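**Q** Have a peek at protein.cif (mmCIF, C-alpha atoms).
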```
data_coords
loop_
_atom_site.label_atom_id
_atom_site.label_comp_id
_atom_site.auth_asym_id
_atom_site.auth_seq_id
_atom_site.Cartn_x
_atom_site.Cartn_y
_atom_site.Cartn_z
CA MET A 1 9.69 -153.57 183.64
CA GLU A 2 7.32 -155.43 185.95
CA LYS A 3 8.87 -157.85 188.45
CA ILE A 4 7.90 -160.70 190.73
CA LYS A 5 9.31 -161.48 194.14
CA LEU A 6 10.84 -164.91 194.74
CA SER A 7 10.39 -166.77 198.03
CA ASN A 8 13.64 -165.35 199.41
CA GLY A 9 12.63 -161.77 198.59
CA ILE A 10 14.75 -161.40 195.45
CA GLU A 11 12.99 -159.49 192.68
CA MET A 12 13.03 -161.01 189.19
CA PRO A 13 11.95 -159.34 185.92
CA LEU A 14 8.81 -160.86 184.40
CA LEU A 15 10.22 -160.75 180.88
CA GLY A 16 13.70 -161.73 179.74
CA TYR A 17 15.71 -162.73 176.72
CA GLY A 18 16.52 -166.41 176.15
CA VAL A 19 19.51 -167.64 174.17
CA PHE A 20 18.58 -171.29 173.60
CA GLN A 21 19.85 -172.32 170.15
CA VAL A 22 21.62 -169.00 169.66
CA SER A 23 25.01 -169.98 168.29
CA PRO A 24 28.15 -169.07 170.25
CA GLN A 25 29.19 -166.95 167.27
CA GLU A 26 25.95 -164.95 167.30
CA CYS A 27 25.30 -164.80 171.02
CA GLU A 28 27.32 -161.72 171.92
CA ARG A 29 25.67 -159.66 169.19
CA CYS A 30 22.17 -160.86 170.10
CA VAL A 31 22.57 -160.24 173.83
CA SER A 32 24.08 -156.82 173.12
CA ASP A 33 21.00 -155.97 171.04
CA ALA A 34 18.69 -157.29 173.76
CA LEU A 35 20.39 -155.23 176.47
CA SER A 36 20.31 -152.15 174.26
CA ALA A 37 16.60 -152.73 173.65
CA GLY A 38 15.99 -152.75 177.40
CA TYR A 39 16.09 -156.39 178.51
CA ARG A 40 17.65 -156.94 181.90
CA LEU A 41 17.05 -160.68 182.38
CA ILE A 42 19.22 -162.97 180.24
CA ASP A 43 18.66 -166.75 180.33
CA THR A 44 21.41 -169.13 179.23
CA ALA A 45 22.71 -172.58 180.22
CA GLN A 46 25.91 -174.57 180.32
CA ALA A 47 24.48 -176.87 177.64
CA TYR A 48 23.85 -173.97 175.24
CA GLN A 49 27.62 -173.40 174.98
CA ASN A 50 27.14 -169.65 174.75
CA GLU A 51 27.72 -168.44 178.31
CA GLU A 52 30.90 -166.72 177.14
CA GLY A 53 28.93 -164.74 174.56
CA VAL A 54 26.52 -163.61 177.26
CA GLY A 55 29.41 -162.63 179.50
CA ALA A 56 31.15 -160.67 176.76
CA ALA A 57 27.97 -158.76 175.89
CA VAL A 58 27.24 -157.94 179.51
CA SER A 59 30.79 -156.77 180.21
CA LYS A 60 30.71 -154.42 177.21
CA SER A 61 27.15 -153.16 177.70
CA GLY A 62 27.80 -150.50 180.31
CA VAL A 63 24.71 -151.68 182.19
CA ASN A 64 25.20 -151.76 185.96
CA ARG A 65 25.54 -155.36 187.10
CA ASP A 66 23.04 -154.75 189.90
CA ASP A 67 20.43 -153.94 187.25
CA LEU A 68 20.89 -157.29 185.48
CA PHE A 69 19.41 -160.70 186.25
CA LEU A 70 21.54 -163.54 184.84
CA VAL A 71 20.18 -167.08 184.71
CA THR A 72 22.10 -170.25 183.86
CA LYS A 73 21.64 -173.97 184.39
CA VAL A 74 23.78 -176.93 185.51
CA TRP A 75 23.79 -179.58 182.78
CA ILE A 76 23.35 -183.27 183.53
CA SER A 77 27.00 -184.05 182.72
CA ASN A 78 27.98 -181.77 185.61
CA ASN A 79 25.61 -183.35 188.13
CA GLY A 80 26.92 -184.42 191.52
CA GLU A 81 28.21 -182.23 194.33
CA GLU A 82 31.86 -181.91 193.27
CA LYS A 83 31.29 -181.61 189.52
CA ALA A 84 28.43 -179.18 189.98
CA ALA A 85 30.50 -176.97 192.29
CA ALA A 86 33.30 -176.83 189.72
CA SER A 87 30.82 -176.09 186.92
CA ILE A 88 29.30 -173.19 188.88
CA ASP A 89 32.73 -171.60 189.15
CA GLU A 90 33.26 -172.17 185.44
CA SER A 91 29.92 -170.53 184.62
CA LEU A 92 30.90 -167.54 186.77
CA ARG A 93 34.15 -167.27 184.81
CA LYS A 94 32.43 -167.50 181.42
CA LEU A 95 29.74 -165.01 182.41
CA GLN A 96 32.42 -162.64 183.77
CA THR A 97 30.50 -162.07 186.98
CA ASP A 98 30.92 -162.56 190.72
CA TYR A 99 27.42 -163.97 191.15
CA ILE A 100 24.61 -165.63 189.24
CA ASP A 101 21.13 -164.30 189.94
CA LEU A 102 19.33 -167.60 189.36
CA LEU A 103 20.90 -171.04 188.97
CA LEU A 104 18.78 -174.00 187.86
CA ILE A 105 19.22 -177.76 187.57
CA HIS A 106 18.61 -178.24 183.85
CA GLN A 107 17.20 -181.79 183.84
CA ALA A 108 15.59 -183.92 186.53
CA TYR A 109 17.96 -186.90 186.24
CA GLY A 110 21.39 -187.93 187.46
CA ASP A 111 22.64 -186.97 190.91
CA VAL A 112 20.31 -184.00 191.30
CA PHE A 113 20.48 -184.10 195.09
CA GLY A 114 24.27 -183.85 195.01
CA THR A 115 23.96 -180.99 192.53
CA TRP A 116 21.46 -179.26 194.81
CA ARG A 117 23.85 -179.50 197.77
CA ALA A 118 26.48 -177.72 195.67
CA MET A 119 23.93 -175.11 194.68
CA GLU A 120 22.85 -174.58 198.28
CA LYS A 121 26.48 -174.04 199.26
CA ALA A 122 26.96 -171.58 196.38
CA TYR A 123 23.78 -169.79 197.47
CA LYS A 124 24.95 -169.50 201.07
CA ALA A 125 28.39 -168.32 199.87
CA GLY A 126 26.86 -165.52 197.80
CA LYS A 127 27.86 -166.97 194.43
CA VAL A 128 24.17 -167.41 193.59
CA ARG A 129 21.20 -165.24 194.63
CA ALA A 130 18.45 -167.80 193.95
CA ILE A 131 18.24 -171.49 193.03
CA GLY A 132 15.69 -173.62 191.26
CA VAL A 133 15.06 -176.35 188.71
CA SER A 134 14.07 -176.77 185.08
CA ASN A 135 11.90 -179.35 183.33
CA PHE A 136 10.81 -181.00 186.59
CA GLN A 137 7.29 -182.23 185.90
CA GLU A 138 4.67 -182.49 188.61
CA ALA A 139 5.48 -185.76 190.40
CA ARG A 140 9.25 -185.38 190.00
CA PHE A 141 9.09 -181.82 191.28
CA PHE A 142 7.11 -182.83 194.38
CA ASP A 143 9.51 -185.70 195.16
CA PHE A 144 12.53 -183.42 194.84
CA ALA A 145 11.14 -180.36 196.62
CA HIS A 146 9.81 -182.47 199.48
CA TYR A 147 13.30 -183.64 200.48
CA VAL A 148 15.63 -180.66 199.92
CA ASP A 149 16.34 -178.10 202.63
CA ILE A 150 16.08 -174.96 200.50
CA LYS A 151 12.97 -175.25 198.35
CA PRO A 152 13.29 -174.46 194.63
CA MET A 153 12.45 -170.83 194.01
CA VAL A 154 11.75 -171.34 190.29
CA ASN A 155 10.75 -174.19 188.00
CA GLN A 156 11.38 -173.42 184.33
CA LEU A 157 8.95 -175.30 182.09
CA GLN A 158 7.65 -175.25 178.55
CA CYS A 159 4.66 -172.95 178.94
CA ASN A 160 2.66 -170.79 176.56
CA ALA A 161 -0.91 -170.06 175.45
CA LEU A 162 -1.22 -173.55 173.92
CA ILE A 163 0.71 -175.41 176.65
CA GLN A 164 -0.46 -173.92 179.90
CA GLN A 165 0.96 -176.15 182.66
CA GLN A 166 -2.16 -175.63 184.78
CA GLY A 167 -1.82 -178.98 186.56
CA ILE A 168 1.49 -178.26 188.27
CA GLN A 169 0.59 -174.78 189.49
CA ALA A 170 -0.94 -175.92 192.80
CA VAL A 171 2.15 -177.99 193.62
CA LEU A 172 4.45 -175.05 192.84
CA ASN A 173 2.31 -172.82 195.05
CA ASP A 174 2.64 -175.26 197.96
CA PHE A 175 6.43 -174.83 197.88
CA GLY A 176 6.44 -171.09 197.10
CA THR A 177 7.96 -171.81 193.68
CA ARG A 178 7.52 -169.48 190.71
CA MET A 179 7.07 -170.69 187.14
CA MET A 180 9.36 -169.55 184.35
CA ALA A 181 8.26 -170.23 180.76
CA TRP A 182 10.58 -171.44 178.04
CA GLY A 183 9.10 -171.51 174.56
CA PRO A 184 6.57 -168.78 175.47
CA LEU A 185 5.79 -168.25 171.77
CA GLY A 186 5.92 -171.92 170.76
CA GLY A 187 8.92 -174.02 169.73
CA GLN A 188 9.61 -177.73 170.31
CA GLY A 189 6.65 -179.00 168.31
CA VAL A 190 4.31 -176.08 169.04
CA ASP A 191 2.93 -173.96 166.19
CA GLY A 192 0.04 -171.59 165.92
CA ILE A 193 0.54 -168.92 168.59
CA VAL A 194 1.57 -166.08 166.29
CA LYS A 195 -1.11 -167.19 163.78
CA SER A 196 -3.88 -167.57 166.34
CA GLU A 197 -7.08 -165.77 165.29
CA VAL A 198 -8.14 -165.47 168.93
CA LEU A 199 -4.87 -163.86 170.00
CA ALA A 200 -4.86 -161.60 166.93
CA GLU A 201 -8.44 -160.49 167.61
CA ILE A 202 -7.65 -159.70 171.24
CA GLY A 203 -4.49 -157.92 170.16
CA SER A 204 -6.31 -155.74 167.66
CA SER A 205 -8.34 -154.13 170.45
CA HIS A 206 -5.12 -153.17 172.22
CA GLY A 207 -3.01 -152.27 169.19
CA LYS A 208 -0.83 -155.34 169.80
CA SER A 209 0.20 -158.48 167.91
CA ALA A 210 -0.82 -162.05 168.73
CA ALA A 211 2.70 -162.69 170.06
CA GLN A 212 2.52 -159.66 172.37
CA VAL A 213 -0.84 -160.84 173.71
CA ALA A 214 0.58 -164.33 174.34
CA LEU A 215 3.49 -162.87 176.31
CA ARG A 216 1.22 -160.52 178.24
CA TRP A 217 -1.05 -163.43 179.14
CA LEU A 218 1.89 -165.19 180.77
CA THR A 219 3.36 -162.22 182.60
CA GLN A 220 -0.07 -161.09 183.81
CA ARG A 221 -0.34 -164.50 185.51
CA GLY A 222 2.99 -163.91 187.23
CA ILE A 223 4.89 -166.31 184.95
CA VAL A 224 8.34 -165.19 183.79
CA ALA A 225 8.68 -165.43 180.00
CA ILE A 226 11.95 -165.62 178.04
CA PRO A 227 11.22 -165.24 174.30
CA LYS A 228 14.11 -165.58 171.88
CA SER A 229 14.74 -163.72 168.66
CA THR A 230 17.88 -162.89 166.73
CA HIS A 231 16.24 -159.78 165.24
CA ARG A 232 16.39 -156.46 167.08
CA GLU A 233 12.95 -155.32 165.87
CA ARG A 234 11.30 -158.50 167.18
CA MET A 235 13.15 -158.18 170.49
CA GLU A 236 11.70 -154.69 170.90
CA GLN A 237 8.19 -155.87 170.04
CA ASN A 238 8.39 -158.73 172.56
CA LEU A 239 9.44 -156.28 175.26
CA ASP A 240 6.62 -153.84 174.51
CA ILE A 241 3.88 -155.59 176.51
CA PHE A 242 3.58 -153.66 179.74
CA ASP A 243 1.45 -150.77 178.56
CA PHE A 244 -1.81 -152.72 178.38
CA THR A 245 -3.80 -155.14 180.54
CA LEU A 246 -5.91 -158.07 179.42
CA SER A 247 -9.43 -158.21 180.82
CA GLN A 248 -10.62 -161.29 182.72
CA GLY A 249 -12.75 -162.21 179.72
CA GLU A 250 -9.71 -162.03 177.44
CA MET A 251 -7.66 -164.08 179.90
CA ASP A 252 -10.41 -166.72 179.93
CA ARG A 253 -10.58 -166.85 176.13
CA ILE A 254 -6.84 -167.50 175.99
CA ALA A 255 -7.09 -170.14 178.73
CA ALA A 256 -9.53 -172.01 176.47
CA LEU A 257 -6.78 -172.40 173.83
CA ASN A 258 -4.91 -174.99 175.93
CA ARG A 259 -3.81 -178.08 173.94
CA HIS A 260 -1.28 -179.75 176.23
CA ASP A 261 -1.15 -179.30 179.98
CA THR A 262 2.33 -180.72 180.56
CA GLY A 263 4.27 -179.82 177.41
CA THR A 264 5.08 -181.51 174.13
CA ILE A 265 8.18 -183.18 175.56
CA ASN A 266 7.51 -185.97 178.05
CA PHE A 267 10.46 -185.63 180.40
CA SER A 268 9.40 -188.88 182.09
CA ASP A 269 9.47 -190.90 178.87
CA MET A 270 11.77 -193.90 179.27
CA GLN A 271 13.53 -193.44 175.93
CA PHE A 272 14.12 -189.74 176.59
CA VAL A 273 15.51 -190.41 180.07
CA LYS A 274 17.66 -193.27 178.76
CA TYR A 275 19.07 -190.96 176.08
CA LEU A 276 19.90 -188.23 178.63
CA ILE A 277 21.60 -190.56 181.07
CA GLU A 278 23.53 -192.64 178.53
CA THR A 279 24.61 -189.61 176.51
CA TYR A 280 25.42 -187.09 179.25
CA GLY A 281 25.28 -188.86 182.60
#
```
As structure tokens, how would this structure be written, given the file I've shared?
**A**
Amino acid sequence: MEKIKLSNGIEMPLLGYGVFQVSPQECERCVSDALSAGYRLIDTAQAYQNEEGVGAAVSKSGVNRDDLFLVTKVWISNNGEEKAAASIDESLRKLQTDYIDLLLIHQAYGDVFGTWRAMEKAYKAGKVRAIGVSNFQEARFFDFAHYVDIKPMVNQLQCNALIQQQGIQAVLNDFGTRMMAWGPLGGQGVDGIVKSEVLAEIGSSHGKSAAQVALRWLTQRGIVAIPKSTHRERMEQNLDIFDFTLSQGEMDRIAALNRHDTGTINFSDMQFVKYLIETYG
């Protein structure tokens, strides 16, 4: 498994398994399959309501904890220094672990600065090895990162071959922040990656599928990808992307597929923000 190094020196796998919309009932089985297939990064969140399934699978897997990289996120209803601190301890309990490898703020609204203070304290106490954010678009990310003491080490965004997030990359680089891609094969209003003729044509020259090419394109750019599947065979295929390299010409052809530069969800849209705050804030 190829890895990247975060700004604090922690190494993070470039490919992981995401459990967004994996039901609590199915989660333990799916994560067990993913770990057995060879995944070592597991991405969950408080809002997914399946941290316990992740924890159960990890505890039964026999995989050394030091070889795993667990990611979770503080939901907006737990924002604020005191509530976030309590929620971090609750996530540790559900995940059955003494530390979280990467902890993210899930949404860019509510008392995110209070939440960050709790996360900084957890980081300094050894409860968390790295901290970052999720769904912080360009201007919001700059505003936040400019003022906090410990700069976000990761920003998790919707990113794939059709939604490339090129615009924010320079800002992330300025703060030493790595990008992590949710929806690396589509999702949330994105269709066409696995059916792309360009990706399939490139894949045919490497003996790979369009989906494998799409994942390799991300990881070759140093972007962490977390595809989700509930099927063991597909999990194995998604993981099998490190035995080939895309040429610069192939990388450029894929770059030309870009449809949206900031994602299909506008996290700055007034109605979306109003919904988040009034529902969960």
**Q** Report as a list in words the full result of the PyMOL selection byres ((chain A and resi 155-167) around 6) when it is applied to this structure.
**A**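 Checking the PyMOL selection byres ((chain A and resi 155-167) around 6) against this file, the residues are Gly132, Val133, Ser134, Asn135, Val154, Ile168, Gln169, Met179, Met180, Ala181, Trp182, Gly183, Pro184, Leu257, Asn258, Arg259, His260, Asp261, Thr262 and Gly263 of chain A.
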**Q** In Å to one decimal, how far is atom CA of A:Asp143 from atom CA of A:Val19?
**A** 29.4 Å
**Q** Report as a tab-separated table the residues of stretch 85-169 of chain A within 7 Å of stretch 56-75 of chain A, each with its shortest atom pair and distance in Å (one decimal), using all atoms listed in the file, ordered by chain and increasing residue number.
**A**
```
residue	atom	partner	partner_atom	distance
A:Ile100	CA	A:Leu70	CA	5.8
A:Asp101	CA	A:Leu70	CA	5.2
A:Leu102	CA	A:Val71	CA	4.8
A:Leu103	CA	A:Thr72	CA	5.3
A:Leu104	CA	A:Lys73	CA	4.5
A:Ile105	CA	A:Val74	CA	5.1
A:His106	CA	A:Lys73	CA	5.3
```
**Q** Measure the distance from atom CA of A:Ser209 to atom CA of A:Asp33 in Å and round it to one decimal.
**A**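 These atoms are spaced 21.2 Å apart.
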**Q** Using all atoms listed in the file, pick whichever of A:Tyr39, A:Gly187, A:Met270, A:Ala86 has the shortest atom-to-atom distance to A:Phe20.
**A**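 Checking each of A:Tyr39, A:Gly187, A:Met270, A:Ala86 against A:Phe20, counting all atoms listed in the file, the winner is A:Gly187.
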**Q** Given all atoms listed in the file as the basis, pick out the residue of A:Glu138, A:Glu2, A:Glu120, A:Asp191 nearest to A:Leu172.
**A**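 Smallest separation from A:Leu172 among the options: A:Glu138.
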**Q** From the set A:Leu239, A:Ile193, A:Ala200, A:Val112, which residue has the shortest atom-to-atom contact distance to A:Phe144, counting all atoms listed in the file?
**A**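 For A:Phe144, the nearest of the given residues is A:Val112.
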**Q** Taking all atoms listed in the file into account, which of A:Ala85, A:Leu185, A:Leu95, A:Gln137 comes nearest A:Ala125?
**A**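 Using all atoms listed in the file, the shortest distance to A:Ala125 belongs to A:Ala85.
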